>>> print(open('data15.pdb').read())   # PDB, C-alpha atoms
ATOM      1  CA  ASP A   1       2.501  -3.719  27.523
ATOM      2  CA  ALA A   2       1.096  -5.761  24.653
ATOM      3  CA  GLY A   3       3.539  -7.153  22.155
ATOM      4  CA  VAL A   4       3.084  -7.575  18.421
ATOM      5  CA  ILE A   5      -0.247  -9.263  17.808
ATOM      6  CA  GLN A   6      -0.839 -11.466  14.787
ATOM      7  CA  SER A   7      -3.950 -13.212  13.557
ATOM      8  CA  PRO A   8      -4.882 -15.850  12.742
ATOM      9  CA  ARG A   9      -2.402 -18.112  14.527
ATOM     10  CA  HIS A  10      -3.245 -20.954  12.192
ATOM     11  CA  GLU A  11      -4.831 -20.917   8.769
ATOM     12  CA  VAL A  12      -5.609 -23.902   6.589
ATOM     13  CA  THR A  13      -6.947 -23.154   3.154
ATOM     14  CA  GLU A  14      -7.221 -24.660  -0.270
ATOM     15  CA  MET A  15      -5.155 -23.735  -3.265
ATOM     16  CA  GLY A  16      -6.594 -20.760  -5.107
ATOM     17  CA  GLN A  17      -8.209 -19.182  -2.070
ATOM     18  CA  GLU A  18      -7.366 -15.710  -0.791
ATOM     19  CA  VAL A  19      -5.491 -15.505   2.492
ATOM     20  CA  THR A  20      -5.225 -12.409   4.666
ATOM     21  CA  LEU A  21      -2.842 -12.242   7.607
ATOM     22  CA  ARG A  22      -3.095  -9.422  10.102
ATOM     23  CA  CYS A  23      -0.674  -7.629  12.374
ATOM     24  CA  LYS A  24      -0.905  -5.035  15.106
ATOM     25  CA  PRO A  25       2.532  -3.603  15.934
ATOM     26  CA  ILE A  26       3.629  -2.346  19.320
ATOM     27  CA  SER A  27       2.218   1.103  19.969
ATOM     28  CA  GLY A  28       4.755   3.797  19.135
ATOM     29  CA  HIS A  29       6.824   1.625  16.827
ATOM     30  CA  ASP A  30       7.185   3.228  13.416
ATOM     31  CA  TYR A  31       8.821   0.329  11.566
ATOM     32  CA  LEU A  32       6.908  -2.803  10.640
ATOM     33  CA  PHE A  33       8.315  -5.896   8.972
ATOM     34  CA  TRP A  34       6.793  -9.020   7.423
ATOM     35  CA  TYR A  35       8.939 -12.169   7.416
ATOM     36  CA  ARG A  36       8.317 -15.698   6.167
ATOM     37  CA  GLN A  37       9.938 -18.731   7.767
ATOM     38  CA  THR A  38      10.579 -21.961   5.887
ATOM     39  CA  MET A  39      12.881 -24.858   6.676
ATOM     40  CA  MET A  40      14.890 -24.366   3.505
ATOM     41  CA  ARG A  41      15.374 -20.611   3.612
ATOM     42  CA  GLY A  42      14.979 -19.655   7.250
ATOM     43  CA  LEU A  43      13.492 -16.228   7.900
ATOM     44  CA  GLU A  44      13.062 -14.154   4.747
ATOM     45  CA  LEU A  45      12.192 -10.455   4.801
ATOM     46  CA  LEU A  46       9.200  -9.873   2.548
ATOM     47  CA  ILE A  47       8.514  -6.171   3.022
ATOM     48  CA  TYR A  48       8.936  -3.413   5.561
ATOM     49  CA  PHE A  49       7.159  -0.141   6.276
ATOM     50  CA  ASN A  50       8.261   3.084   7.911
ATOM     51  CA  ASN A  51       5.526   5.402   9.147
ATOM     52  CA  ASN A  52       2.982   3.314   7.221
ATOM     53  CA  VAL A  53       4.838   3.733   3.912
ATOM     54  CA  PRO A  54       6.292   0.649   2.180
ATOM     55  CA  ILE A  55      10.054   1.148   1.941
ATOM     56  CA  ASP A  56      11.326  -2.104   0.473
ATOM     57  CA  ASP A  57       9.153  -4.829  -1.008
ATOM     58  CA  SER A  58      11.885  -6.566  -2.972
ATOM     59  CA  GLY A  59      11.417  -9.694  -0.894
ATOM     60  CA  MET A  60       7.798 -10.191  -1.914
ATOM     61  CA  PRO A  61       8.020 -13.379  -3.950
ATOM     62  CA  GLU A  62       5.349 -12.732  -6.553
ATOM     63  CA  ASP A  63       2.530 -10.427  -7.531
ATOM     64  CA  ARG A  64       0.202 -12.774  -5.699
ATOM     65  CA  PHE A  65       1.565 -11.234  -2.500
ATOM     66  CA  SER A  66       0.572  -7.771  -1.364
ATOM     67  CA  ALA A  67       0.882  -5.870   1.904
ATOM     68  CA  LYS A  68      -0.746  -2.747   3.234
ATOM     69  CA  MET A  69      -0.474  -0.577   6.292
ATOM     70  CA  PRO A  70      -3.493   1.739   6.359
ATOM     71  CA  ASN A  71      -2.571   3.184   9.754
ATOM     72  CA  ALA A  72       0.074   2.987  12.456
ATOM     73  CA  SER A  73      -1.656   0.176  14.316
ATOM     74  CA  PHE A  74      -2.575  -2.271  11.576
ATOM     75  CA  SER A  75      -1.039  -4.105   8.644
ATOM     76  CA  THR A  76      -2.161  -6.916   6.373
ATOM     77  CA  LEU A  77      -0.354  -9.410   4.183
ATOM     78  CA  LYS A  78      -2.537 -10.855   1.469
ATOM     79  CA  ILE A  79      -1.930 -13.827  -0.817
ATOM     80  CA  GLN A  80      -4.257 -14.172  -3.768
ATOM     81  CA  PRO A  81      -4.471 -16.819  -5.106
ATOM     82  CA  SER A  82      -2.691 -19.010  -2.604
ATOM     83  CA  GLU A  83      -0.566 -22.005  -3.639
ATOM     84  CA  PRO A  84       0.772 -24.990  -1.664
ATOM     85  CA  ARG A  85       4.325 -23.573  -1.819
ATOM     86  CA  ASP A  86       3.129 -20.577   0.197
ATOM     87  CA  SER A  87       2.784 -22.854   3.230
ATOM     88  CA  ALA A  88       5.045 -21.364   5.903
ATOM     89  CA  VAL A  89       5.004 -19.420   9.138
ATOM     90  CA  TYR A  90       4.579 -15.702   8.563
ATOM     91  CA  PHE A  91       5.934 -13.333  11.188
ATOM     92  CA  CYS A  92       5.277  -9.688  11.715
ATOM     93  CA  ALA A  93       7.805  -7.602  13.644
ATOM     94  CA  SER A  94       8.083  -3.982  14.688
ATOM     95  CA  ARG A  95      10.641  -1.626  16.150
ATOM     96  CA  ALA A  96      11.001   1.980  17.133
ATOM     97  CA  GLY A  97      12.961   4.299  14.894
ATOM     98  CA  THR A  98      15.258   5.461  17.653
ATOM     99  CA  ALA A  99      18.897   4.575  18.231
ATOM    100  CA  TRP A 100      19.625   1.224  16.687
ATOM    101  CA  THR A 101      19.895  -1.728  19.028
ATOM    102  CA  GLY A 102      19.150  -4.438  16.527
ATOM    103  CA  GLU A 103      16.063  -5.514  18.360
ATOM    104  CA  LEU A 104      12.994  -6.376  16.365
ATOM    105  CA  PHE A 105       9.926  -7.400  18.335
ATOM    106  CA  PHE A 106       8.275 -10.374  16.676
ATOM    107  CA  GLY A 107       4.727 -11.610  16.942
ATOM    108  CA  GLU A 108       3.979 -15.277  17.543
ATOM    109  CA  GLY A 109       3.479 -15.915  13.841
ATOM    110  CA  SER A 110       0.705 -17.139  11.582
ATOM    111  CA  ARG A 111       1.139 -20.709  10.396
ATOM    112  CA  LEU A 112      -0.327 -21.034   6.909
ATOM    113  CA  THR A 113      -1.081 -24.365   5.279
ATOM    114  CA  VAL A 114      -2.296 -24.359   1.690
ATOM    115  CA  LEU A 115      -3.681 -27.706   0.552
TER     116      LEU A 115
ATOM    117  CA  ASP B   1      21.181 -17.684  -2.679
ATOM    118  CA  GLN B   2      21.574 -17.629   1.097
ATOM    119  CA  GLN B   3      23.596 -14.625   2.198
ATOM    120  CA  VAL B   4      23.699 -15.836   5.781
ATOM    121  CA  LYS B   5      24.479 -19.469   6.480
ATOM    122  CA  GLN B   6      24.247 -21.557   9.575
ATOM    123  CA  ASN B   7      25.757 -24.843   8.517
ATOM    124  CA  SER B   8      24.961 -26.781  11.680
ATOM    125  CA  PRO B   9      21.238 -27.555  11.864
ATOM    126  CA  SER B  10      21.586 -28.894  15.389
ATOM    127  CA  LEU B  11      23.926 -28.949  18.375
ATOM    128  CA  SER B  12      23.820 -30.854  21.670
ATOM    129  CA  VAL B  13      25.773 -29.725  24.721
ATOM    130  CA  GLN B  14      25.964 -30.852  28.328
ATOM    131  CA  GLU B  15      24.639 -28.474  30.956
ATOM    132  CA  GLY B  16      27.406 -26.260  32.316
ATOM    133  CA  ARG B  17      29.578 -26.572  29.230
ATOM    134  CA  ILE B  18      30.108 -24.007  26.488
ATOM    135  CA  SER B  19      27.802 -23.824  23.465
ATOM    136  CA  ILE B  20      29.299 -22.359  20.318
ATOM    137  CA  LEU B  21      26.993 -21.517  17.436
ATOM    138  CA  ASN B  22      28.503 -20.444  14.153
ATOM    139  CA  CYS B  23      27.361 -18.269  11.290
ATOM    140  CA  ASP B  24      28.904 -17.232   7.981
ATOM    141  CA  TYR B  25      27.865 -14.461   5.649
ATOM    142  CA  THR B  26      28.812 -13.591   2.103
ATOM    143  CA  ASN B  27      28.242  -9.859   1.720
ATOM    144  CA  SER B  28      31.135  -7.642   2.804
ATOM    145  CA  MET B  29      28.737  -4.686   2.991
ATOM    146  CA  PHE B  30      26.995  -6.120   6.041
ATOM    147  CA  ASP B  31      27.639  -3.976   9.094
ATOM    148  CA  TYR B  32      25.026  -5.155  11.572
ATOM    149  CA  PHE B  33      24.851  -8.613  13.083
ATOM    150  CA  LEU B  34      22.291 -10.128  15.399
ATOM    151  CA  TRP B  35      21.371 -13.328  17.191
ATOM    152  CA  TYR B  36      17.796 -14.282  17.917
ATOM    153  CA  LYS B  37      16.450 -17.165  19.958
ATOM    154  CA  LYS B  38      13.209 -18.961  19.176
ATOM    155  CA  TYR B  39      11.132 -21.360  21.247
ATOM    156  CA  PRO B  40       8.481 -23.550  19.566
ATOM    157  CA  ALA B  41       5.225 -21.777  18.739
ATOM    158  CA  GLU B  42       6.707 -18.404  19.653
ATOM    159  CA  GLY B  43       8.229 -15.578  17.673
ATOM    160  CA  PRO B  44      11.992 -15.035  17.677
ATOM    161  CA  THR B  45      13.316 -12.895  20.520
ATOM    162  CA  PHE B  46      16.371 -10.685  20.341
ATOM    163  CA  LEU B  47      19.429 -11.975  22.133
ATOM    164  CA  ILE B  48      22.479  -9.909  21.301
ATOM    165  CA  SER B  49      23.885  -7.720  18.544
ATOM    166  CA  ILE B  50      27.194  -6.390  17.297
ATOM    167  CA  SER B  51      28.172  -3.801  14.745
ATOM    168  CA  SER B  52      31.172  -4.001  12.476
ATOM    169  CA  ILE B  53      33.211  -1.526  14.487
ATOM    170  CA  LYS B  54      33.571  -4.104  17.241
ATOM    171  CA  ASP B  55      34.811  -7.672  17.287
ATOM    172  CA  LYS B  56      33.206  -8.763  20.538
ATOM    173  CA  ASN B  57      30.087  -7.990  22.515
ATOM    174  CA  GLU B  58      29.195  -9.582  25.805
ATOM    175  CA  ASP B  59      25.935  -9.754  27.714
ATOM    176  CA  GLY B  60      25.956 -12.010  30.738
ATOM    177  CA  ARG B  61      26.410 -15.613  29.638
ATOM    178  CA  PHE B  62      26.219 -14.649  25.967
ATOM    179  CA  THR B  63      29.123 -13.377  23.878
ATOM    180  CA  VAL B  64      29.144 -12.687  20.166
ATOM    181  CA  PHE B  65      32.410 -12.644  18.242
ATOM    182  CA  LEU B  66      32.792 -11.069  14.822
ATOM    183  CA  ASN B  67      35.584 -11.813  12.366
ATOM    184  CA  LYS B  68      34.983  -9.490   9.421
ATOM    185  CA  SER B  69      37.909 -10.714   7.366
ATOM    186  CA  ALA B  70      36.540 -14.251   7.514
ATOM    187  CA  LYS B  71      32.909 -13.076   7.288
ATOM    188  CA  HIS B  72      32.165 -15.175  10.332
ATOM    189  CA  LEU B  73      30.435 -14.658  13.608
ATOM    190  CA  SER B  74      29.823 -16.932  16.526
ATOM    191  CA  LEU B  75      27.711 -16.987  19.643
ATOM    192  CA  HIS B  76      29.158 -18.419  22.835
ATOM    193  CA  ILE B  77      26.935 -19.418  25.725
ATOM    194  CA  VAL B  78      28.755 -20.094  28.978
ATOM    195  CA  PRO B  79      27.657 -21.922  31.014
ATOM    196  CA  SER B  80      24.890 -23.560  29.020
ATOM    197  CA  GLN B  81      21.601 -24.170  30.806
ATOM    198  CA  PRO B  82      18.637 -26.404  29.877
ATOM    199  CA  GLY B  83      16.506 -23.273  29.373
ATOM    200  CA  ASP B  84      18.849 -22.282  26.554
ATOM    201  CA  SER B  85      17.472 -25.136  24.448
ATOM    202  CA  ALA B  86      15.927 -23.365  21.461
ATOM    203  CA  VAL B  87      16.555 -22.524  17.819
ATOM    204  CA  TYR B  88      19.107 -19.767  17.345
ATOM    205  CA  PHE B  89      19.017 -17.555  14.269
ATOM    206  CA  CYS B  90      21.898 -15.483  13.067
ATOM    207  CA  ALA B  91      21.086 -12.338  11.052
ATOM    208  CA  ALA B  92      23.171  -9.788   9.201
ATOM    209  CA  GLY B  93      22.507  -6.734   7.112
ATOM    210  CA  PRO B  94      23.846  -3.537   5.600
ATOM    211  CA  THR B  95      21.421  -1.314   7.465
ATOM    212  CA  GLY B  96      19.362  -1.355  10.620
ATOM    213  CA  ASN B  97      16.328  -2.515   8.699
ATOM    214  CA  GLN B  98      17.334  -5.002   6.062
ATOM    215  CA  PHE B  99      18.395  -8.188   7.798
ATOM    216  CA  TYR B 100      19.086 -11.536   6.196
ATOM    217  CA  PHE B 101      18.522 -14.469   8.520
ATOM    218  CA  GLY B 102      20.113 -17.892   8.488
ATOM    219  CA  THR B 103      18.153 -21.136   8.651
ATOM    220  CA  GLY B 104      18.783 -21.586  12.359
ATOM    221  CA  THR B 105      20.627 -23.989  14.657
ATOM    222  CA  SER B 106      18.642 -26.059  17.118
ATOM    223  CA  LEU B 107      20.489 -26.167  20.445
ATOM    224  CA  THR B 108      19.739 -28.878  22.998
ATOM    225  CA  VAL B 109      21.300 -28.524  26.430
ATOM    226  CA  ILE B 110      21.316 -31.874  28.181
ATOM    227  CA  PRO B 111      20.835 -31.770  31.965
TER     228      PRO B 111
END
>>> encode(input="data15.pdb", output="structure tokens")
Amino acid sequence: DAGVIQSPRHEVTEMGQEVTLRCKPISGHDYLFWYRQTMMRGLELLIYFNNNVPIDDSGMPEDRFSAKMPNASFSTLKIQPSEPRDSAVYFCASRAGTAWTGELFFGEGSRLTVL
Amino acid sequence: DQQVKQNSPSLSVQEGRISILNCDYTNSMFDYFLWYKKYPAEGPTFLISISSIKDKNEDGRFTVFLNKSAKHLSLHIVPSQPGDSAVYFCAAGPTGNQFYFGTGTSLTVIP
């Protein structure tokens, strides 16, 4: 069974450009999470969705960040305009809404470098 | 401010010995605690969890201990194996969805 799929794996862009990161959760999972990993802050929760509806976006750092989930099999995280301090690894994760086990299934991440 | 702290960025242990990874949290409302393991260029993978109603959970070579009064949890790996070399993230949260992760501890198991 396919895991969480993220694209692109690597993105290098220049300051001011728009960046779109994509995620396909595991089929049947109704929770989707976007995390950002930096050396200083570890893994930070940016936003999460339940049944395609954003539940908590309090971790989104600025209005330059936006996330959508138009259907159960696809989500995007967009940064516009991008800045060098946005350079990080962005992870998408999903889980099923059944009995809690604590397990989130993470994708392999999208490494973003903003020059 | 970091609500979950892993104060040891790295740890080296001989193969066969015990590895102890520590984690502290600040919010007394946290009821769910997790450990994840991460290899380079991969996403984190779930290792073990514990809820606040327990003080110990064991899964094979991995045991998590929770001390709620001290707001401290630890992961014990016995015996340590070279394949355990990875970055370990501690996470805690008030619900099953809102987890705060630490900055990770890089474990190296020396053969």
>>> closest_atom_pairs(input="data15.pdb", of="chain A", to="chain B", cutoff="9 Å", atoms="all atoms listed in the file", output="JSON lines")
{"residue": "A:Tyr31", "atom": "CA", "partner": "B:Asn97", "partner_atom": "CA", "distance": 8.5}
{"residue": "A:Phe33", "atom": "CA", "partner": "B:Asn97", "partner_atom": "CA", "distance": 8.7}
{"residue": "A:Gln37", "atom": "CA", "partner": "B:Thr103", "partner_atom": "CA", "distance": 8.6}
{"residue": "A:Thr38", "atom": "CA", "partner": "B:Thr103", "partner_atom": "CA", "distance": 8.1}
{"residue": "A:Met39", "atom": "CA", "partner": "B:Thr103", "partner_atom": "CA", "distance": 6.7}
{"residue": "A:Met40", "atom": "CA", "partner": "B:Thr103", "partner_atom": "CA", "distance": 6.9}
{"residue": "A:Arg41", "atom": "CA", "partner": "B:Thr103", "partner_atom": "CA", "distance": 5.8}
{"residue": "A:Gly42", "atom": "CA", "partner": "B:Thr103", "partner_atom": "CA", "distance": 3.8}
{"residue": "A:Leu43", "atom": "CA", "partner": "B:Phe101", "partner_atom": "CA", "distance": 5.4}
{"residue": "A:Glu44", "atom": "CA", "partner": "B:Phe101", "partner_atom": "CA", "distance": 6.6}
{"residue": "A:Leu45", "atom": "CA", "partner": "B:Tyr100", "partner_atom": "CA", "distance": 7.1}
{"residue": "A:Tyr48", "atom": "CA", "partner": "B:Asn97", "partner_atom": "CA", "distance": 8.1}
{"residue": "A:Asp56", "atom": "CA", "partner": "B:Gln98", "partner_atom": "CA", "distance": 8.7}
{"residue": "A:Phe91", "atom": "CA", "partner": "B:Gly43", "partner_atom": "CA", "distance": 7.2}
{"residue": "A:Cys92", "atom": "CA", "partner": "B:Gly43", "partner_atom": "CA", "distance": 8.9}
{"residue": "A:Ala93", "atom": "CA", "partner": "B:Gly43", "partner_atom": "CA", "distance": 8.9}
{"residue": "A:Trp100", "atom": "CA", "partner": "B:Gly96", "partner_atom": "CA", "distance": 6.6}
{"residue": "A:Thr101", "atom": "CA", "partner": "B:Ser49", "partner_atom": "CA", "distance": 7.2}
{"residue": "A:Gly102", "atom": "CA", "partner": "B:Ser49", "partner_atom": "CA", "distance": 6.1}
{"residue": "A:Glu103", "atom": "CA", "partner": "B:Phe46", "partner_atom": "CA", "distance": 5.5}
{"residue": "A:Leu104", "atom": "CA", "partner": "B:Phe46", "partner_atom": "CA", "distance": 6.8}
{"residue": "A:Phe105", "atom": "CA", "partner": "B:Thr45", "partner_atom": "CA", "distance": 6.8}
{"residue": "A:Phe106", "atom": "CA", "partner": "B:Gly43", "partner_atom": "CA", "distance": 5.3}
{"residue": "A:Gly107", "atom": "CA", "partner": "B:Gly43", "partner_atom": "CA", "distance": 5.3}
{"residue": "A:Glu108", "atom": "CA", "partner": "B:Gly43", "partner_atom": "CA", "distance": 4.3}
{"residue": "A:Gly109", "atom": "CA", "partner": "B:Gly43", "partner_atom": "CA", "distance": 6.1}
>>> write_last_selection(input="data15.pdb", atoms="C-alpha atoms", output="PDB file, keeping the file's coordinate frame")
ATOM      1  CA  TYR A  31       8.821   0.329  11.566  1.00  0.00           C
ATOM      2  CA  PHE A  33       8.315  -5.896   8.972  1.00  0.00           C
ATOM      3  CA  GLN A  37       9.938 -18.731   7.767  1.00  0.00           C
ATOM      4  CA  THR A  38      10.579 -21.961   5.887  1.00  0.00           C
ATOM      5  CA  MET A  39      12.881 -24.858   6.676  1.00  0.00           C
ATOM      6  CA  MET A  40      14.890 -24.366   3.505  1.00  0.00           C
ATOM      7  CA  ARG A  41      15.374 -20.611   3.612  1.00  0.00           C
ATOM      8  CA  GLY A  42      14.979 -19.655   7.250  1.00  0.00           C
ATOM      9  CA  LEU A  43      13.492 -16.228   7.900  1.00  0.00           C
ATOM     10  CA  GLU A  44      13.062 -14.154   4.747  1.00  0.00           C
ATOM     11  CA  LEU A  45      12.192 -10.455   4.801  1.00  0.00           C
ATOM     12  CA  TYR A  48       8.936  -3.413   5.561  1.00  0.00           C
ATOM     13  CA  ASP A  56      11.326  -2.104   0.473  1.00  0.00           C
ATOM     14  CA  PHE A  91       5.934 -13.333  11.188  1.00  0.00           C
ATOM     15  CA  CYS A  92       5.277  -9.688  11.715  1.00  0.00           C
ATOM     16  CA  ALA A  93       7.805  -7.602  13.644  1.00  0.00           C
ATOM     17  CA  TRP A 100      19.625   1.224  16.687  1.00  0.00           C
ATOM     18  CA  THR A 101      19.895  -1.728  19.028  1.00  0.00           C
ATOM     19  CA  GLY A 102      19.150  -4.438  16.527  1.00  0.00           C
ATOM     20  CA  GLU A 103      16.063  -5.514  18.360  1.00  0.00           C
ATOM     21  CA  LEU A 104      12.994  -6.376  16.365  1.00  0.00           C
ATOM     22  CA  PHE A 105       9.926  -7.400  18.335  1.00  0.00           C
ATOM     23  CA  PHE A 106       8.275 -10.374  16.676  1.00  0.00           C
ATOM     24  CA  GLY A 107       4.727 -11.610  16.942  1.00  0.00           C
ATOM     25  CA  GLU A 108       3.979 -15.277  17.543  1.00  0.00           C
ATOM     26  CA  GLY A 109       3.479 -15.915  13.841  1.00  0.00           C
TER      27      GLY A 109
END
>>> atom_distance(input="data15.pdb", atom1="atom CA of Ile26 of chain A", atom2="atom CA of Asn71 of chain A")
12.7 Å
>>> atom_distance(input="data15.pdb", atom1="atom CA of Val13 of chain B", atom2="atom CA of Arg61 of chain B")
15.0 Å
>>> resolve_selection(input="data15.pdb", expression="the PyMOL selection byres ((chain B and resi 10) around 8)", output="list in words")
Ser8, Pro9, Leu11, Ser12, Thr105, Ser106, Leu107 and Thr108 of chain B
>>> atom_distance(input="data15.pdb", atom1="atom CA of Lys68 of chain A", atom2="atom CA of Ala88 of chain A")
19.7 Å
>>> resolve_selection(input="data15.pdb", expression="the PyMOL selection byres ((chain A and resi 58-60) around 8)", output="compact mmCIF listing (two decimals) with C-alpha atoms, in the coordinates of the input")
# COMPACT_ATOMS: atom_id res chain seq x y z
CA GLU A 44 13.06 -14.15 4.75
CA LEU A 45 12.19 -10.46 4.80
CA LEU A 46 9.20 -9.87 2.55
CA ILE A 47 8.51 -6.17 3.02
CA ASP A 56 11.33 -2.10 0.47
CA ASP A 57 9.15 -4.83 -1.01
CA PRO A 61 8.02 -13.38 -3.95
CA GLU A 62 5.35 -12.73 -6.55
CA ASP A 63 2.53 -10.43 -7.53
CA PHE A 65 1.56 -11.23 -2.50
CA SER A 66 0.57 -7.77 -1.36
>>> closest_residue(input="data15.pdb", among="A:Ser82, A:Ser87, A:Asn51, A:Ser7", to="Pro70 of chain A", atoms="all atoms listed in the file")
A:Asn51
